[in-house]
Amino acid sequence: MQSESEETVICAKCKQPNDPGLERCVRCQGHLYVACRACGAKNQRVLTKCRSCGSALHRIKRKRKMKNLYVEGHVWRIIVVCILFVMGIIAWVVVRHYFFNRTV
Ligand SMILES: [Zn+2]
Ligand SMILES: [Zn+2]
C-alpha cells in the first residue's frame, strides 16, 4: 500500500496529476520538481516550502517590483514633460526678448 501523497504529483502550472517518478508534466511539459536553494533537496513544485529545511522555494516579491518599476516610469514621464514644458517657456521668453530688443 502506497501513501496517498506519493501516488500523484500535481503540476504547478496546469494542475495535471502525474505519475510519481516523472520529471516533467505529461500535459504541459513543465517541471514537476524544484531544487531547494538553501539545502538542494528535491521538492515538488506545488509546495511553497522545502520539506527538508523549511525555507521558501519560490520568490513572491516579483510582482511588487514590477509595480514599483511602473510607478517609477510614470513619475519619470511626468518629470520629463515638466522639464520640456519649462524649457519651452524659457525658449519662448528668450526669443521674445531677443525680438523686442531688435525691434525696439
Ligand atoms: Zn502541467
Ligand atoms: Zn531546503
# chains A, B, ... in the order shown; residues from 1 in each chain; ligands from 1
call {"tool": "residues_near_ligand", "arguments": {"ligand": "ligand 1", "cutoff": "8 Å", "atoms": "only C-alpha atoms and all ligand atoms", "output": "VMD selection string"}}
result
chain A and resid 10 to 16 24 to 32
call {"tool": "residues_near_ligand", "arguments": {"ligand": "ligand 2", "cutoff": "9 Å", "atoms": "only C-alpha atoms and all ligand atoms", "output": "PyMOL selection string"}}
result
chain A and resi 35-43+49-57
call {"tool": "select_by_dssp", "arguments": {"residues": "chain A", "states": "strand (DSSP E or B)", "output": "PyMOL selection string"}}
result
chain A and resi 9-10+17-18+24+31+33-35+42-44+49+56
call {"tool": "write_last_selection", "arguments": {"atoms": "N, CA and C atoms", "output": "PDB file, in the first residue's frame"}}
result
ATOM      1  N   VAL A   9       1.809  13.351  -8.597  1.00  0.00           N
ATOM      2  CA  VAL A   9       2.490  14.635  -8.450  1.00  0.00           C
ATOM      3  C   VAL A   9       1.704  15.652  -9.266  1.00  0.00           C
ATOM      4  N   ILE A  10       1.099  16.613  -8.606  1.00  0.00           N
ATOM      5  CA  ILE A  10       0.258  17.587  -9.300  1.00  0.00           C
ATOM      6  C   ILE A  10       1.132  18.677  -9.914  1.00  0.00           C
ATOM      7  N   PRO A  17      -2.525  15.790 -12.642  1.00  0.00           N
ATOM      8  CA  PRO A  17      -1.867  14.777 -11.813  1.00  0.00           C
ATOM      9  C   PRO A  17      -0.945  13.895 -12.658  1.00  0.00           C
ATOM     10  N   ASN A  18       0.305  13.759 -12.218  1.00  0.00           N
ATOM     11  CA  ASN A  18       1.281  12.963 -12.955  1.00  0.00           C
ATOM     12  C   ASN A  18       1.751  11.785 -12.105  1.00  0.00           C
ATOM     13  N   ARG A  24       8.847  15.726 -15.800  1.00  0.00           N
ATOM     14  CA  ARG A  24       8.057  16.802 -16.426  1.00  0.00           C
ATOM     15  C   ARG A  24       6.594  16.404 -16.551  1.00  0.00           C
ATOM     16  N   HIS A  31       8.245  21.562 -15.460  1.00  0.00           N
ATOM     17  CA  HIS A  31       8.981  20.811 -14.439  1.00  0.00           C
ATOM     18  C   HIS A  31       8.085  20.545 -13.229  1.00  0.00           C
ATOM     19  N   TYR A  33       9.366  19.141 -10.356  1.00  0.00           N
ATOM     20  CA  TYR A  33      10.173  19.271  -9.137  1.00  0.00           C
ATOM     21  C   TYR A  33      11.054  20.505  -9.216  1.00  0.00           C
ATOM     22  N   VAL A  34      11.398  21.024  -8.055  1.00  0.00           N
ATOM     23  CA  VAL A  34      12.291  22.179  -7.975  1.00  0.00           C
ATOM     24  C   VAL A  34      13.299  21.912  -6.860  1.00  0.00           C
ATOM     25  N   ALA A  35      14.546  22.311  -7.080  1.00  0.00           N
ATOM     26  CA  ALA A  35      15.590  22.102  -6.075  1.00  0.00           C
ATOM     27  C   ALA A  35      15.610  23.263  -5.093  1.00  0.00           C
ATOM     28  N   LYS A  42      15.284  17.955  -3.347  1.00  0.00           N
ATOM     29  CA  LYS A  42      14.319  17.963  -4.442  1.00  0.00           C
ATOM     30  C   LYS A  42      12.902  18.026  -3.866  1.00  0.00           C
ATOM     31  N   ASN A  43      12.160  19.038  -4.250  1.00  0.00           N
ATOM     32  CA  ASN A  43      10.793  19.211  -3.743  1.00  0.00           C
ATOM     33  C   ASN A  43       9.804  19.297  -4.890  1.00  0.00           C
ATOM     34  N   GLN A  44       8.562  18.905  -4.620  1.00  0.00           N
ATOM     35  CA  GLN A  44       7.505  19.103  -5.610  1.00  0.00           C
ATOM     36  C   GLN A  44       7.285  20.595  -5.823  1.00  0.00           C
ATOM     37  N   LYS A  49       7.173  25.467   0.558  1.00  0.00           N
ATOM     38  CA  LYS A  49       8.324  25.397   1.457  1.00  0.00           C
ATOM     39  C   LYS A  49       9.039  24.059   1.304  1.00  0.00           C
ATOM     40  N   ALA A  56      11.653  28.926   1.918  1.00  0.00           N
ATOM     41  CA  ALA A  56      10.736  29.185   0.801  1.00  0.00           C
ATOM     42  C   ALA A  56      11.358  28.731  -0.516  1.00  0.00           C
TER      43      ALA A  56
END
call {"tool": "atom_distance", "arguments": {"atom1": "CA of Glu23 in chain A", "atom2": "CA of Val46 in chain A"}}
result
13.4 Å
call {"tool": "atom_distance", "arguments": {"atom1": "CA of Thr48 in chain A", "atom2": "CA of Gly21 in chain A"}}
result
19.9 Å
call {"tool": "atom_distance", "arguments": {"atom1": "CA of Val93 in chain A", "atom2": "CA of His74 in chain A"}}
result
29.0 Å
call {"tool": "decode", "arguments": {"residues": "range 25-62 of chain A", "atoms": "N, CA and C atoms", "output": "PDB file, in the first residue's frame"}}
result
ATOM      1  N   CYS A  25       5.721  17.401 -16.585  1.00  0.00           N
ATOM      2  CA  CYS A  25       4.279  17.185 -16.708  1.00  0.00           C
ATOM      3  C   CYS A  25       3.940  16.575 -18.072  1.00  0.00           C
ATOM      4  N   VAL A  26       3.034  15.594 -18.069  1.00  0.00           N
ATOM      5  CA  VAL A  26       2.662  14.937 -19.332  1.00  0.00           C
ATOM      6  C   VAL A  26       1.833  15.860 -20.219  1.00  0.00           C
ATOM      7  N   ARG A  27       1.178  16.848 -19.648  1.00  0.00           N
ATOM      8  CA  ARG A  27       0.321  17.736 -20.431  1.00  0.00           C
ATOM      9  C   ARG A  27       1.054  18.977 -20.925  1.00  0.00           C
ATOM     10  N   CYS A  28       1.723  19.709 -20.013  1.00  0.00           N
ATOM     11  CA  CYS A  28       2.333  20.994 -20.403  1.00  0.00           C
ATOM     12  C   CYS A  28       3.852  20.960 -20.431  1.00  0.00           C
ATOM     13  N   GLN A  29       4.459  19.814 -20.120  1.00  0.00           N
ATOM     14  CA  GLN A  29       5.912  19.644 -20.131  1.00  0.00           C
ATOM     15  C   GLN A  29       6.639  20.530 -19.122  1.00  0.00           C
ATOM     16  N   GLY A  30       5.901  21.077 -18.150  1.00  0.00           N
ATOM     17  CA  GLY A  30       6.529  21.902 -17.116  1.00  0.00           C
ATOM     18  C   GLY A  30       7.229  21.028 -16.091  1.00  0.00           C
ATOM     19  N   HIS A  31       8.245  21.562 -15.460  1.00  0.00           N
ATOM     20  CA  HIS A  31       8.981  20.811 -14.439  1.00  0.00           C
ATOM     21  C   HIS A  31       8.085  20.545 -13.229  1.00  0.00           C
ATOM     22  N   LEU A  32       8.123  19.302 -12.740  1.00  0.00           N
ATOM     23  CA  LEU A  32       7.302  18.927 -11.581  1.00  0.00           C
ATOM     24  C   LEU A  32       8.052  19.127 -10.276  1.00  0.00           C
ATOM     25  N   TYR A  33       9.366  19.141 -10.356  1.00  0.00           N
ATOM     26  CA  TYR A  33      10.173  19.271  -9.137  1.00  0.00           C
ATOM     27  C   TYR A  33      11.054  20.505  -9.216  1.00  0.00           C
ATOM     28  N   VAL A  34      11.398  21.024  -8.055  1.00  0.00           N
ATOM     29  CA  VAL A  34      12.291  22.179  -7.975  1.00  0.00           C
ATOM     30  C   VAL A  34      13.299  21.912  -6.860  1.00  0.00           C
ATOM     31  N   ALA A  35      14.546  22.311  -7.080  1.00  0.00           N
ATOM     32  CA  ALA A  35      15.590  22.102  -6.075  1.00  0.00           C
ATOM     33  C   ALA A  35      15.610  23.263  -5.093  1.00  0.00           C
ATOM     34  N   CYS A  36      15.710  22.931  -3.809  1.00  0.00           N
ATOM     35  CA  CYS A  36      15.762  23.969  -2.771  1.00  0.00           C
ATOM     36  C   CYS A  36      17.059  24.755  -2.894  1.00  0.00           C
ATOM     37  N   ARG A  37      16.963  26.075  -2.833  1.00  0.00           N
ATOM     38  CA  ARG A  37      18.152  26.929  -2.963  1.00  0.00           C
ATOM     39  C   ARG A  37      18.999  26.908  -1.700  1.00  0.00           C
ATOM     40  N   ALA A  38      18.387  26.539  -0.578  1.00  0.00           N
ATOM     41  CA  ALA A  38      19.110  26.541   0.693  1.00  0.00           C
ATOM     42  C   ALA A  38      19.868  25.234   0.915  1.00  0.00           C
ATOM     43  N   CYS A  39      19.193  24.072   0.721  1.00  0.00           N
ATOM     44  CA  CYS A  39      19.836  22.795   1.032  1.00  0.00           C
ATOM     45  C   CYS A  39      19.975  21.873  -0.170  1.00  0.00           C
ATOM     46  N   GLY A  40      19.359  22.229  -1.321  1.00  0.00           N
ATOM     47  CA  GLY A  40      19.490  21.421  -2.528  1.00  0.00           C
ATOM     48  C   GLY A  40      18.555  20.237  -2.595  1.00  0.00           C
ATOM     49  N   ALA A  41      17.655  20.083  -1.649  1.00  0.00           N
ATOM     50  CA  ALA A  41      16.713  18.957  -1.647  1.00  0.00           C
ATOM     51  C   ALA A  41      15.699  19.105  -2.772  1.00  0.00           C
ATOM     52  N   LYS A  42      15.284  17.955  -3.347  1.00  0.00           N
ATOM     53  CA  LYS A  42      14.319  17.963  -4.442  1.00  0.00           C
ATOM     54  C   LYS A  42      12.902  18.026  -3.866  1.00  0.00           C
ATOM     55  N   ASN A  43      12.160  19.038  -4.250  1.00  0.00           N
ATOM     56  CA  ASN A  43      10.793  19.211  -3.743  1.00  0.00           C
ATOM     57  C   ASN A  43       9.804  19.297  -4.890  1.00  0.00           C
ATOM     58  N   GLN A  44       8.562  18.905  -4.620  1.00  0.00           N
ATOM     59  CA  GLN A  44       7.505  19.103  -5.610  1.00  0.00           C
ATOM     60  C   GLN A  44       7.285  20.595  -5.823  1.00  0.00           C
ATOM     61  N   ARG A  45       7.062  20.961  -7.086  1.00  0.00           N
ATOM     62  CA  ARG A  45       6.959  22.385  -7.418  1.00  0.00           C
ATOM     63  C   ARG A  45       5.717  23.033  -6.814  1.00  0.00           C
ATOM     64  N   VAL A  46       4.678  22.236  -6.539  1.00  0.00           N
ATOM     65  CA  VAL A  46       3.453  22.792  -5.962  1.00  0.00           C
ATOM     66  C   VAL A  46       3.660  23.224  -4.510  1.00  0.00           C
ATOM     67  N   LEU A  47       4.702  22.662  -3.879  1.00  0.00           N
ATOM     68  CA  LEU A  47       4.978  23.046  -2.485  1.00  0.00           C
ATOM     69  C   LEU A  47       5.562  24.453  -2.440  1.00  0.00           C
ATOM     70  N   THR A  48       5.285  25.163  -1.354  1.00  0.00           N
ATOM     71  CA  THR A  48       5.839  26.509  -1.201  1.00  0.00           C
ATOM     72  C   THR A  48       7.083  26.511  -0.304  1.00  0.00           C
ATOM     73  N   LYS A  49       7.173  25.467   0.558  1.00  0.00           N
ATOM     74  CA  LYS A  49       8.324  25.397   1.457  1.00  0.00           C
ATOM     75  C   LYS A  49       9.039  24.059   1.304  1.00  0.00           C
ATOM     76  N   CYS A  50      10.359  24.087   1.506  1.00  0.00           N
ATOM     77  CA  CYS A  50      11.181  22.882   1.410  1.00  0.00           C
ATOM     78  C   CYS A  50      10.779  21.882   2.493  1.00  0.00           C
ATOM     79  N   ARG A  51      10.638  20.602   2.064  1.00  0.00           N
ATOM     80  CA  ARG A  51      10.252  19.574   3.030  1.00  0.00           C
ATOM     81  C   ARG A  51      11.379  19.259   3.998  1.00  0.00           C
ATOM     82  N   SER A  52      12.618  19.490   3.605  1.00  0.00           N
ATOM     83  CA  SER A  52      13.741  19.109   4.446  1.00  0.00           C
ATOM     84  C   SER A  52      14.211  20.242   5.362  1.00  0.00           C
ATOM     85  N   CYS A  53      14.248  21.493   4.877  1.00  0.00           N
ATOM     86  CA  CYS A  53      14.748  22.572   5.739  1.00  0.00           C
ATOM     87  C   CYS A  53      13.702  23.656   6.011  1.00  0.00           C
ATOM     88  N   GLY A  54      12.595  23.688   5.247  1.00  0.00           N
ATOM     89  CA  GLY A  54      11.502  24.617   5.532  1.00  0.00           C
ATOM     90  C   GLY A  54      11.665  26.010   4.938  1.00  0.00           C
ATOM     91  N   SER A  55      12.710  26.240   4.122  1.00  0.00           N
ATOM     92  CA  SER A  55      12.869  27.565   3.520  1.00  0.00           C
ATOM     93  C   SER A  55      11.974  27.698   2.288  1.00  0.00           C
ATOM     94  N   ALA A  56      11.653  28.926   1.918  1.00  0.00           N
ATOM     95  CA  ALA A  56      10.736  29.185   0.801  1.00  0.00           C
ATOM     96  C   ALA A  56      11.358  28.731  -0.516  1.00  0.00           C
ATOM     97  N   LEU A  57      10.555  28.067  -1.354  1.00  0.00           N
ATOM     98  CA  LEU A  57      11.046  27.554  -2.635  1.00  0.00           C
ATOM     99  C   LEU A  57      10.852  28.553  -3.767  1.00  0.00           C
ATOM    100  N   HIS A  58       9.896  29.423  -3.644  1.00  0.00           N
ATOM    101  CA  HIS A  58       9.597  30.385  -4.718  1.00  0.00           C
ATOM    102  C   HIS A  58       9.659  31.803  -4.165  1.00  0.00           C
ATOM    103  N   ARG A  59      10.082  32.708  -5.010  1.00  0.00           N
ATOM    104  CA  ARG A  59      10.096  34.124  -4.620  1.00  0.00           C
ATOM    105  C   ARG A  59       8.768  34.755  -5.001  1.00  0.00           C
ATOM    106  N   ILE A  60       8.212  35.543  -4.096  1.00  0.00           N
ATOM    107  CA  ILE A  60       6.878  36.126  -4.341  1.00  0.00           C
ATOM    108  C   ILE A  60       6.982  37.641  -4.580  1.00  0.00           C
ATOM    109  N   LYS A  61       8.178  38.220  -4.410  1.00  0.00           N
ATOM    110  CA  LYS A  61       8.286  39.690  -4.449  1.00  0.00           C
ATOM    111  C   LYS A  61       8.343  40.266  -5.864  1.00  0.00           C
ATOM    112  N   ARG A  62       8.311  39.403  -6.887  1.00  0.00           N
ATOM    113  CA  ARG A  62       8.476  39.887  -8.261  1.00  0.00           C
ATOM    114  C   ARG A  62       7.390  40.872  -8.675  1.00  0.00           C
TER     115      ARG A  62
END
